[in-house]
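Peer 1: JSON, C-alpha atoms, file upload_11.json:
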```json
[["chain", "number", "residue", "atom", "x", "y", "z"],
["A", 45, "GLN", "CA", 75.80, 111.62, 76.52],
["A", 46, "ASP", "CA", 74.13, 111.14, 79.91],
["A", 47, "TYR", "CA", 76.22, 108.03, 80.39],
["A", 48, "LYS", "CA", 79.45, 109.82, 79.47],
["A", 49, "ASP", "CA", 78.60, 112.62, 81.89],
["A", 50, "LEU", "CA", 77.91, 110.11, 84.62],
["A", 51, "ILE", "CA", 81.22, 108.30, 84.03],
["A", 52, "LYS", "CA", 83.02, 111.64, 84.17],
["A", 53, "LYS", "CA", 81.35, 112.52, 87.49],
["A", 54, "VAL", "CA", 81.97, 109.08, 88.99],
["A", 55, "THR", "CA", 85.61, 109.26, 87.91],
["A", 56, "MET", "CA", 86.06, 112.67, 89.49],
["A", 57, "TYR", "CA", 84.26, 111.49, 92.63],
["A", 58, "LEU", "CA", 86.67, 108.57, 93.00],
["A", 59, "ASP", "CA", 89.59, 110.93, 92.38],
["A", 60, "ASN", "CA", 88.29, 113.24, 95.14],
["A", 61, "ALA", "CA", 88.01, 116.01, 92.55],
["A", 62, "LEU", "CA", 84.34, 116.99, 92.93],
["A", 63, "THR", "CA", 83.13, 119.91, 95.00],
["A", 64, "LYS", "CA", 81.16, 118.93, 98.10],
["A", 65, "GLU", "CA", 77.95, 120.09, 96.46],
["A", 66, "ALA", "CA", 78.58, 118.12, 93.25],
["A", 67, "GLU", "CA", 79.50, 115.11, 95.35],
["A", 68, "ARG", "CA", 76.20, 115.27, 97.29],
["A", 69, "GLU", "CA", 74.26, 115.65, 94.04],
["A", 70, "LEU", "CA", 76.01, 112.65, 92.48],
["A", 71, "LEU", "CA", 75.41, 110.46, 95.53],
["A", 72, "ARG", "CA", 71.71, 111.42, 95.44],
["A", 73, "GLU", "CA", 71.58, 110.40, 91.76],
["A", 74, "ILE", "CA", 73.41, 107.16, 92.45],
["A", 75, "LYS", "CA", 71.09, 106.19, 95.30],
["A", 76, "SER", "CA", 68.07, 106.63, 93.06],
["A", 77, "ASN", "CA", 69.33, 104.35, 90.29],
["A", 78, "PRO", "CA", 70.72, 100.80, 90.68],
["A", 79, "ASN", "CA", 72.56, 101.10, 87.34],
["A", 80, "TYR", "CA", 74.48, 104.11, 88.60],
["A", 81, "MET", "CA", 75.32, 102.24, 91.79],
["A", 82, "GLU", "CA", 76.66, 99.34, 89.73],
["A", 83, "LEU", "CA", 78.81, 101.69, 87.65],
["A", 84, "LEU", "CA", 80.28, 103.28, 90.78],
["A", 85, "HIS", "CA", 80.98, 99.85, 92.23],
["A", 86, "LYS", "CA", 82.71, 98.67, 89.02],
["A", 87, "GLU", "CA", 84.88, 101.77, 88.76],
["A", 88, "LYS", "CA", 85.84, 101.58, 92.41],
["A", 89, "SER", "CA", 86.60, 97.86, 92.32],
["A", 90, "PHE", "CA", 88.77, 98.28, 89.22],
["A", 91, "ARG", "CA", 90.85, 100.98, 90.94],
["A", 92, "GLU", "CA", 91.25, 98.78, 94.00],
["A", 93, "PHE", "CA", 92.11, 95.79, 91.84],
["A", 94, "VAL", "CA", 94.89, 97.68, 90.05],
["A", 95, "LYS", "CA", 96.27, 99.27, 93.20],
["A", 96, "SER", "CA", 96.33, 96.00, 95.12],
["A", 97, "ARG", "CA", 98.11, 94.07, 92.38],
["A", 98, "VAL", "CA", 100.70, 96.55, 91.20],
["A", 99, "GLN", "CA", 104.14, 95.57, 92.42],
["A", 100, "ARG", "CA", 105.50, 97.77, 95.21],
["A", 101, "ARG", "CA", 109.17, 97.75, 96.01],
["A", 102, "THR", "CA", 111.19, 98.90, 98.98],
["A", 103, "VAL", "CA", 114.45, 100.78, 98.61],
["A", 104, "SER", "CA", 117.53, 99.01, 99.91],
["A", 105, "PRO", "CA", 119.23, 100.57, 102.97],
["A", 106, "ALA", "CA", 122.39, 100.68, 100.84],
["A", 107, "LEU", "CA", 120.76, 103.19, 98.46],
["A", 108, "VAL", "CA", 119.73, 105.46, 101.35],
["A", 109, "GLN", "CA", 123.25, 105.22, 102.79],
["A", 110, "SER", "CA", 124.80, 105.97, 99.41],
["A", 111, "ILE", "CA", 122.66, 109.10, 98.96],
["A", 112, "LYS", "CA", 123.51, 110.32, 102.46],
["A", 113, "GLU", "CA", 127.22, 109.76, 101.87],
["A", 114, "ARG", "CA", 127.21, 111.56, 98.53],
["A", 115, "ILE", "CA", 125.53, 114.60, 100.07],
["A", 116, "LYS", "CA", 127.45, 114.24, 103.35],
["A", 117, "ILE", "CA", 124.21, 114.34, 105.31],
["A", 118, "THR", "CA", 124.37, 114.53, 109.08],
["A", 119, "SER", "CA", 121.95, 112.10, 110.74],
["B", 173, "MET", "CA", 131.48, 133.45, 112.61],
["B", 174, "VAL", "CA", 130.80, 132.73, 108.94],
["B", 175, "LEU", "CA", 131.75, 129.10, 109.52],
["B", 176, "MET", "CA", 129.22, 128.84, 112.36],
["B", 177, "ALA", "CA", 126.48, 130.36, 110.21],
["B", 178, "ASP", "CA", 127.29, 127.93, 107.38],
["B", 179, "ASN", "CA", 127.23, 125.03, 109.79],
["B", 180, "THR", "CA", 123.85, 126.08, 111.23],
["B", 181, "LYS", "CA", 122.47, 126.37, 107.70],
["B", 182, "LYS", "CA", 123.75, 122.91, 106.80],
["B", 183, "ILE", "CA", 122.20, 121.39, 109.93],
["B", 184, "ALA", "CA", 118.85, 122.99, 109.01],
["B", 185, "LYS", "CA", 119.08, 121.70, 105.43],
["B", 186, "ASP", "CA", 119.99, 118.21, 106.61],
["B", 187, "LYS", "CA", 117.04, 118.22, 109.00],
["B", 188, "VAL", "CA", 114.63, 119.01, 106.13],
["B", 189, "PHE", "CA", 116.32, 116.36, 103.99],
["B", 190, "ASN", "CA", 116.07, 113.68, 106.69],
["B", 191, "GLU", "CA", 112.58, 114.53, 107.94],
["B", 192, "GLU", "CA", 110.74, 115.60, 104.78],
["B", 193, "PHE", "CA", 112.60, 114.20, 101.78],
["B", 194, "LEU", "CA", 113.92, 110.77, 102.79],
["B", 195, "PRO", "CA", 110.52, 109.41, 103.97],
["B", 196, "GLN", "CA", 109.37, 109.69, 100.32],
["B", 197, "ILE", "CA", 112.13, 107.44, 98.98],
["B", 198, "ASP", "CA", 110.06, 104.25, 98.55],
["B", 199, "ALA", "CA", 107.33, 106.09, 96.63],
["B", 200, "LEU", "CA", 109.96, 107.80, 94.46],
["B", 201, "TYR", "CA", 111.74, 104.53, 93.81],
["B", 202, "ASN", "CA", 108.49, 102.83, 92.74],
["B", 203, "PHE", "CA", 107.71, 105.70, 90.37],
["B", 204, "ALA", "CA", 111.25, 105.55, 88.97],
["B", 205, "TYR", "CA", 111.02, 101.79, 88.56],
["B", 206, "HIS", "CA", 107.77, 102.04, 86.62],
["B", 207, "LEU", "CA", 109.24, 104.76, 84.42],
["B", 208, "THR", "CA", 112.46, 102.92, 83.59],
["B", 209, "TYR", "CA", 111.51, 99.30, 84.28],
["B", 210, "SER", "CA", 115.06, 98.67, 85.45],
["B", 211, "GLU", "CA", 116.25, 98.42, 89.05],
["B", 212, "GLU", "CA", 119.63, 99.86, 88.16],
["B", 213, "ASP", "CA", 118.17, 102.83, 86.27],
["B", 214, "ALA", "CA", 115.61, 103.41, 89.03],
["B", 215, "ASN", "CA", 118.40, 103.52, 91.62],
["B", 216, "ASP", "CA", 120.36, 106.00, 89.49],
["B", 217, "LEU", "CA", 117.28, 108.14, 88.92],
["B", 218, "VAL", "CA", 116.40, 108.26, 92.62],
["B", 219, "GLN", "CA", 119.98, 109.17, 93.53],
["B", 220, "GLU", "CA", 120.03, 111.91, 90.91],
["B", 221, "ALA", "CA", 116.69, 113.28, 92.12],
["B", 222, "TYR", "CA", 117.89, 113.44, 95.72],
["B", 223, "MET", "CA", 121.16, 115.10, 94.73],
["B", 224, "LYS", "CA", 119.22, 117.76, 92.83],
["B", 225, "ALA", "CA", 116.68, 118.14, 95.62],
["B", 226, "TYR", "CA", 119.49, 118.86, 98.07],
["B", 227, "ARG", "CA", 121.17, 121.29, 95.68],
["B", 228, "PHE", "CA", 117.90, 123.22, 95.28],
["B", 229, "ILE", "CA", 116.68, 122.76, 98.84],
["B", 230, "ASP", "CA", 116.58, 126.53, 99.39],
["B", 231, "ASN", "CA", 113.76, 126.68, 96.82],
["B", 232, "TYR", "CA", 111.64, 124.26, 98.82],
["B", 233, "GLU", "CA", 109.19, 125.75, 101.30],
["B", 234, "VAL", "CA", 109.54, 123.75, 104.49],
["B", 235, "GLY", "CA", 106.35, 121.97, 105.51],
["B", 236, "THR", "CA", 104.73, 122.12, 102.06],
["B", 237, "ASN", "CA", 104.26, 119.25, 99.63],
["B", 238, "ALA", "CA", 107.69, 117.55, 99.66],
["B", 239, "LYS", "CA", 106.38, 114.48, 97.85],
["B", 240, "ALA", "CA", 105.03, 116.42, 94.85],
["B", 241, "TRP", "CA", 108.19, 118.56, 94.73],
["B", 242, "LEU", "CA", 110.44, 115.48, 94.68],
["B", 243, "PHE", "CA", 108.28, 113.70, 92.11],
["B", 244, "ARG", "CA", 108.58, 116.66, 89.79],
["B", 245, "ILE", "CA", 112.37, 116.67, 90.12],
["B", 246, "LEU", "CA", 112.49, 112.93, 89.42],
["B", 247, "LYS", "CA", 110.19, 113.25, 86.42],
["B", 248, "ASN", "CA", 112.41, 116.01, 84.97],
["B", 249, "ALA", "CA", 115.52, 113.90, 85.60],
["B", 250, "PHE", "CA", 113.85, 111.03, 83.76],
["B", 251, "ILE", "CA", 113.09, 113.23, 80.75],
["B", 252, "ASN", "CA", 116.64, 114.62, 80.68],
["B", 253, "ASP", "CA", 118.08, 111.14, 80.97],
["B", 254, "TYR", "CA", 115.86, 109.88, 78.18],
["B", 255, "ARG", "CA", 116.77, 112.82, 75.94],
["B", 256, "LYS", "CA", 120.44, 112.19, 76.63],
["B", 257, "LYS", "CA", 120.00, 108.60, 75.49],
["B", 258, "THR", "CA", 118.23, 109.69, 72.33],
["B", 259, "LYS", "CA", 120.85, 112.42, 71.71],
["B", 260, "GLN", "CA", 118.43, 115.33, 71.83],
["B", 261, "PRO", "CA", 120.10, 118.54, 72.93],
["B", 262, "THR", "CA", 117.20, 120.23, 74.80],
["B", 263, "LYS", "CA", 117.05, 119.92, 78.58],
["B", 264, "VAL", "CA", 114.53, 120.63, 81.29],
["B", 265, "ASP", "CA", 115.54, 123.70, 83.24],
["B", 266, "TYR", "CA", 115.78, 122.79, 86.90],
["B", 267, "GLU", "CA", 115.36, 126.44, 87.80],
["B", 268, "GLU", "CA", 111.69, 126.00, 86.94],
["B", 269, "ILE", "CA", 111.22, 124.28, 90.28],
["B", 270, "VAL", "CA", 111.81, 127.65, 91.90],
["B", 271, "ASN", "CA", 108.32, 128.60, 90.80],
["B", 272, "TYR", "CA", 106.73, 125.27, 91.62],
["B", 273, "HIS", "CA", 104.35, 126.58, 94.25],
["B", 274, "ASN", "CA", 102.84, 129.53, 92.41],
["B", 275, "GLU", "CA", 103.14, 128.99, 88.72],
["B", 276, "GLU", "CA", 100.44, 128.43, 86.15],
["B", 277, "ASP", "CA", 101.47, 125.69, 83.76],
["B", 278, "THR", "CA", 100.38, 126.41, 80.23],
["B", 279, "ASN", "CA", 102.56, 124.27, 78.00],
["B", 280, "PHE", "CA", 103.72, 120.73, 78.04],
["B", 281, "SER", "CA", 106.25, 118.61, 76.26],
["B", 282, "SER", "CA", 105.42, 115.16, 75.08],
["B", 283, "TYR", "CA", 108.00, 112.45, 75.01],
["B", 284, "ASP", "CA", 107.98, 109.01, 73.52],
["B", 285, "ASP", "CA", 107.99, 105.70, 75.26],
["B", 286, "LEU", "CA", 111.12, 104.30, 76.81],
["B", 287, "ARG", "CA", 112.24, 100.71, 76.39],
["B", 288, "THR", "CA", 108.97, 99.44, 74.97],
["B", 289, "GLU", "CA", 110.76, 96.45, 73.55],
["B", 290, "MET", "CA", 111.84, 95.39, 77.04],
["B", 291, "PHE", "CA", 108.30, 95.28, 78.39],
["B", 292, "ASP", "CA", 107.31, 92.47, 76.05],
["B", 293, "LYS", "CA", 110.09, 90.29, 77.39],
["B", 294, "MET", "CA", 109.41, 91.01, 81.03],
["B", 295, "MET", "CA", 107.87, 88.33, 83.20],
["B", 296, "GLY", "CA", 105.87, 89.17, 86.30],
["B", 297, "ASP", "CA", 102.48, 90.28, 87.46],
["B", 298, "GLU", "CA", 99.95, 91.06, 84.73],
["B", 299, "VAL", "CA", 98.88, 94.39, 86.22],
["B", 300, "THR", "CA", 102.44, 95.66, 86.42],
["B", 301, "ILE", "CA", 103.11, 94.50, 82.87],
["B", 302, "ALA", "CA", 99.91, 96.16, 81.64],
["B", 303, "ILE", "CA", 100.79, 99.47, 83.31],
["B", 304, "ASN", "CA", 104.32, 99.35, 81.97],
["B", 305, "SER", "CA", 103.11, 98.67, 78.46],
["B", 306, "LEU", "CA", 101.15, 101.94, 78.38],
["B", 307, "PRO", "CA", 102.82, 104.86, 76.58],
["B", 308, "VAL", "CA", 104.85, 106.77, 79.17],
["B", 309, "ASP", "CA", 102.57, 109.84, 79.26],
["B", 310, "PHE", "CA", 99.58, 107.65, 80.09],
["B", 311, "ARG", "CA", 101.49, 105.38, 82.45],
["B", 312, "THR", "CA", 102.69, 108.40, 84.40],
["B", 313, "VAL", "CA", 99.22, 109.76, 85.19],
["B", 314, "ILE", "CA", 97.95, 106.33, 86.28],
["B", 315, "LEU", "CA", 100.92, 105.90, 88.60],
["B", 316, "LEU", "CA", 100.61, 109.39, 90.05],
["B", 317, "CYS", "CA", 96.84, 109.29, 90.55],
["B", 318, "ASP", "CA", 95.82, 105.69, 91.17],
["B", 319, "ILE", "CA", 98.97, 104.39, 92.83],
["B", 320, "GLU", "CA", 100.41, 107.45, 94.58],
["B", 321, "GLY", "CA", 97.16, 109.30, 95.26],
["B", 322, "PHE", "CA", 98.11, 112.73, 93.93],
["B", 323, "THR", "CA", 95.31, 115.18, 93.10],
["B", 324, "TYR", "CA", 94.70, 116.45, 89.54],
["B", 325, "GLU", "CA", 96.28, 119.75, 90.52],
["B", 326, "GLU", "CA", 99.40, 118.11, 91.96],
["B", 327, "ILE", "CA", 99.77, 115.90, 88.87],
["B", 328, "SER", "CA", 99.35, 118.95, 86.66],
["B", 329, "LYS", "CA", 102.32, 120.58, 88.39],
["B", 330, "ILE", "CA", 104.45, 117.44, 88.54],
["B", 331, "ILE", "CA", 104.17, 116.66, 84.83],
["B", 332, "ASN", "CA", 103.70, 120.26, 83.73],
["B", 333, "VAL", "CA", 100.44, 119.91, 81.77],
["B", 334, "PRO", "CA", 97.04, 121.61, 82.22],
["B", 335, "ILE", "CA", 94.52, 119.94, 84.55],
["B", 336, "GLY", "CA", 92.23, 119.20, 81.59],
["B", 337, "THR", "CA", 95.03, 117.23, 79.97],
["B", 338, "VAL", "CA", 95.58, 115.30, 83.20],
["B", 339, "ARG", "CA", 91.90, 114.36, 83.25],
["B", 340, "SER", "CA", 91.76, 113.28, 79.62],
["B", 341, "ARG", "CA", 94.99, 111.27, 79.91],
["B", 342, "LEU", "CA", 93.65, 109.54, 83.01],
["B", 343, "PHE", "CA", 90.41, 108.68, 81.25],
["B", 344, "ARG", "CA", 92.22, 107.27, 78.21],
["B", 345, "SER", "CA", 94.86, 105.44, 80.21],
["B", 346, "ARG", "CA", 92.29, 103.76, 82.47],
["B", 347, "ASN", "CA", 90.37, 102.61, 79.40],
["B", 348, "MET", "CA", 93.57, 101.25, 77.84],
["B", 349, "LEU", "CA", 94.36, 99.45, 81.08],
["B", 350, "LYS", "CA", 90.87, 97.95, 81.27],
["B", 351, "GLU", "CA", 91.22, 96.69, 77.73],
["B", 352, "LYS", "CA", 94.60, 95.10, 78.48],
["B", 353, "LEU", "CA", 93.41, 93.54, 81.74],
["B", 354, "LYS", "CA", 89.94, 92.44, 80.67],
["B", 355, "GLU", "CA", 90.58, 88.69, 80.76],
["B", 356, "TYR", "CA", 92.97, 88.79, 83.68],
["B", 357, "ALA", "CA", 90.62, 90.92, 85.80],
["B", 358, "ALA", "CA", 87.70, 88.62, 85.05],
["B", 359, "GLU", "CA", 89.65, 85.75, 86.64],
["B", 360, "TYR", "CA", 89.76, 87.80, 89.83],
["B", 361, "GLY", "CA", 86.07, 88.59, 89.85],
["B", 362, "TYR", "CA", 86.13, 91.97, 88.14],
["B", 363, "SER", "CA", 84.18, 92.41, 84.91],
["B", 364, "ASP", "CA", 83.59, 95.56, 82.92],
["B", 365, "LYS", "CA", 80.15, 95.67, 81.31],
["B", 366, "ARG", "CA", 80.58, 99.15, 79.86],
["B", 367, "SER", "CA", 80.43, 97.91, 76.29],
["B", 368, "LYS", "CA", 76.85, 96.79, 76.84],
["B", 369, "GLU", "CA", 75.70, 100.35, 77.49]]
```
Take the structure from the file and write it as structure tokens.

Peer 2:
Amino acid sequence: QDYKDLIKKVTMYLDNALTKEAERELLREIKSNPNYMELLHKEKSFREFVKSRVQRRTVSPALVQSIKERIKITS
Amino acid sequence: MVLMADNTKKIAKDKVFNEEFLPQIDALYNFAYHLTYSEEDANDLVQEAYMKAYRFIDNYEVGTNAKAWLFRILKNAFINDYRKKTKQPTKVDYEEIVNYHNEEDTNFSSYDDLRTEMFDKMMGDEVTIAINSLPVDFRTVILLCDIEGFTYEEISKIINVPIGTVRSRLFRSRNMLKEKLKEYAAEYGYSDKRSKE
């Protein structure tokens, strides 16, 4: 249960969803325990791994032009 | 006189469209592509979203969160499009975006996966394939949070589910993704030792 709670807090921390106070408390906990630090590192590195490897695409100028023409947008 | 007023209004609308909406087009296209897994469908979806955004531009508060507003329109267009393909008569009401900024979302509609059979045949990067093989509800939260950086609250409004549901879907979808990517991630130096706990 402690472990589940910790994962939940680490997840929310990485999602920027903790209050400042909860964040400070978590970071204090993490500093005092190498296992917690390892968990934070693993979670963070997985997020970065996924984000860096997911394919990003750029819209073609033709699509932008087509949208503008259909709406008759003035530049 | 009326013509001048109309023209001034159109210039103002076009300014919002050019300055606040169009800069989001790459992010919207990527979201659309990961929802449909088809360049052609993604193009159509983005066009449809922008047409609707312009039609309802008076409901948008200038200077607020254009990206979240547009993502919600695109997500609704995707659901409508999917329902059309599966011949279901119900539609998302676009008027709901009027209340985007102040509403409390209490209900949500679940929808099934789209084109699952196509994902298996797709070649490309393992991470993209893994994300696209998640059920669409789970794929959506991963894309919105981990790829696009939306907050829980923004995601809750975009996909119209309570924040608690956003959190639980994120938790489950990340675990599914880790399971799918275990071997692949290990090759790149990432290993998940959770199971040892």

Peer 1: Hey, list the chain A side of the contact with chain B: 7 Å cut-off, only C-alpha atoms, answer as a PDB file with C-alpha atoms, in the frame of the given file.

Peer 2:
```pdb
ATOM      1  CA  LYS A  86      82.710  98.670  89.020  1.00  0.00           C
ATOM      2  CA  PHE A  90      88.770  98.280  89.220  1.00  0.00           C
ATOM      3  CA  ARG A  91      90.850 100.980  90.940  1.00  0.00           C
ATOM      4  CA  VAL A  94      94.890  97.680  90.050  1.00  0.00           C
ATOM      5  CA  LYS A  95      96.270  99.270  93.200  1.00  0.00           C
ATOM      6  CA  ARG A  97      98.110  94.070  92.380  1.00  0.00           C
ATOM      7  CA  VAL A  98     100.700  96.550  91.200  1.00  0.00           C
ATOM      8  CA  GLN A  99     104.140  95.570  92.420  1.00  0.00           C
ATOM      9  CA  ARG A 100     105.500  97.770  95.210  1.00  0.00           C
ATOM     10  CA  ARG A 101     109.170  97.750  96.010  1.00  0.00           C
ATOM     11  CA  THR A 102     111.190  98.900  98.980  1.00  0.00           C
ATOM     12  CA  VAL A 103     114.450 100.780  98.610  1.00  0.00           C
ATOM     13  CA  ILE A 111     122.660 109.100  98.960  1.00  0.00           C
ATOM     14  CA  ILE A 115     125.530 114.600 100.070  1.00  0.00           C
ATOM     15  CA  ILE A 117     124.210 114.340 105.310  1.00  0.00           C
ATOM     16  CA  THR A 118     124.370 114.530 109.080  1.00  0.00           C
TER      17      THR A 118
END
```

Peer 1: Atom CA of A:Pro105 and atom CA of B:Lys239 are how many Å apart?

Peer 2: 19.6 Å

Peer 1: Interatomic distance between atom CA of A:Glu82 and atom CA of B:Thr337?

Peer 2: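 Pair atom CA of A:Glu82 / atom CA of B:Thr337 returns 27.4 Å.
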
Peer 1: Out of B:Ser345, B:Thr208, B:Lys354, B:Ala184, which residue has the shortest atom-to-atom distance to B:Leu246 when counting all atoms listed in the file?

Peer 2: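 The shortest atom-to-atom distance to B:Leu246 comes from B:Thr208.
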
Peer 1: If you measure from atom CA of A:Gln109 to atom CA of B:Leu217, what distance in Å do you get, rounded to one decimal?

Peer 2: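 Between these atoms lies a distance of 15.4 Å.
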
Peer 1: At a cut-off of 10 Å, using all atoms listed in the file, what residues contact A:Leu50? Leave out same-chain residues fewer than 2 positions from it and give the result as a PDB file with C-alpha atoms, in the coordinates of the input.

Peer 2:
```pdb
ATOM      1  CA  GLN A  45      75.800 111.620  76.520  1.00  0.00           C
ATOM      2  CA  ASP A  46      74.130 111.140  79.910  1.00  0.00           C
ATOM      3  CA  TYR A  47      76.220 108.030  80.390  1.00  0.00           C
ATOM      4  CA  LYS A  48      79.450 109.820  79.470  1.00  0.00           C
ATOM      5  CA  LYS A  52      83.020 111.640  84.170  1.00  0.00           C
ATOM      6  CA  LYS A  53      81.350 112.520  87.490  1.00  0.00           C
ATOM      7  CA  VAL A  54      81.970 109.080  88.990  1.00  0.00           C
ATOM      8  CA  THR A  55      85.610 109.260  87.910  1.00  0.00           C
ATOM      9  CA  MET A  56      86.060 112.670  89.490  1.00  0.00           C
ATOM     10  CA  LEU A  70      76.010 112.650  92.480  1.00  0.00           C
ATOM     11  CA  GLU A  73      71.580 110.400  91.760  1.00  0.00           C
ATOM     12  CA  ILE A  74      73.410 107.160  92.450  1.00  0.00           C
ATOM     13  CA  TYR A  80      74.480 104.110  88.600  1.00  0.00           C
ATOM     14  CA  LEU A  83      78.810 101.690  87.650  1.00  0.00           C
ATOM     15  CA  LEU A  84      80.280 103.280  90.780  1.00  0.00           C
TER      16      LEU A  84
END
```
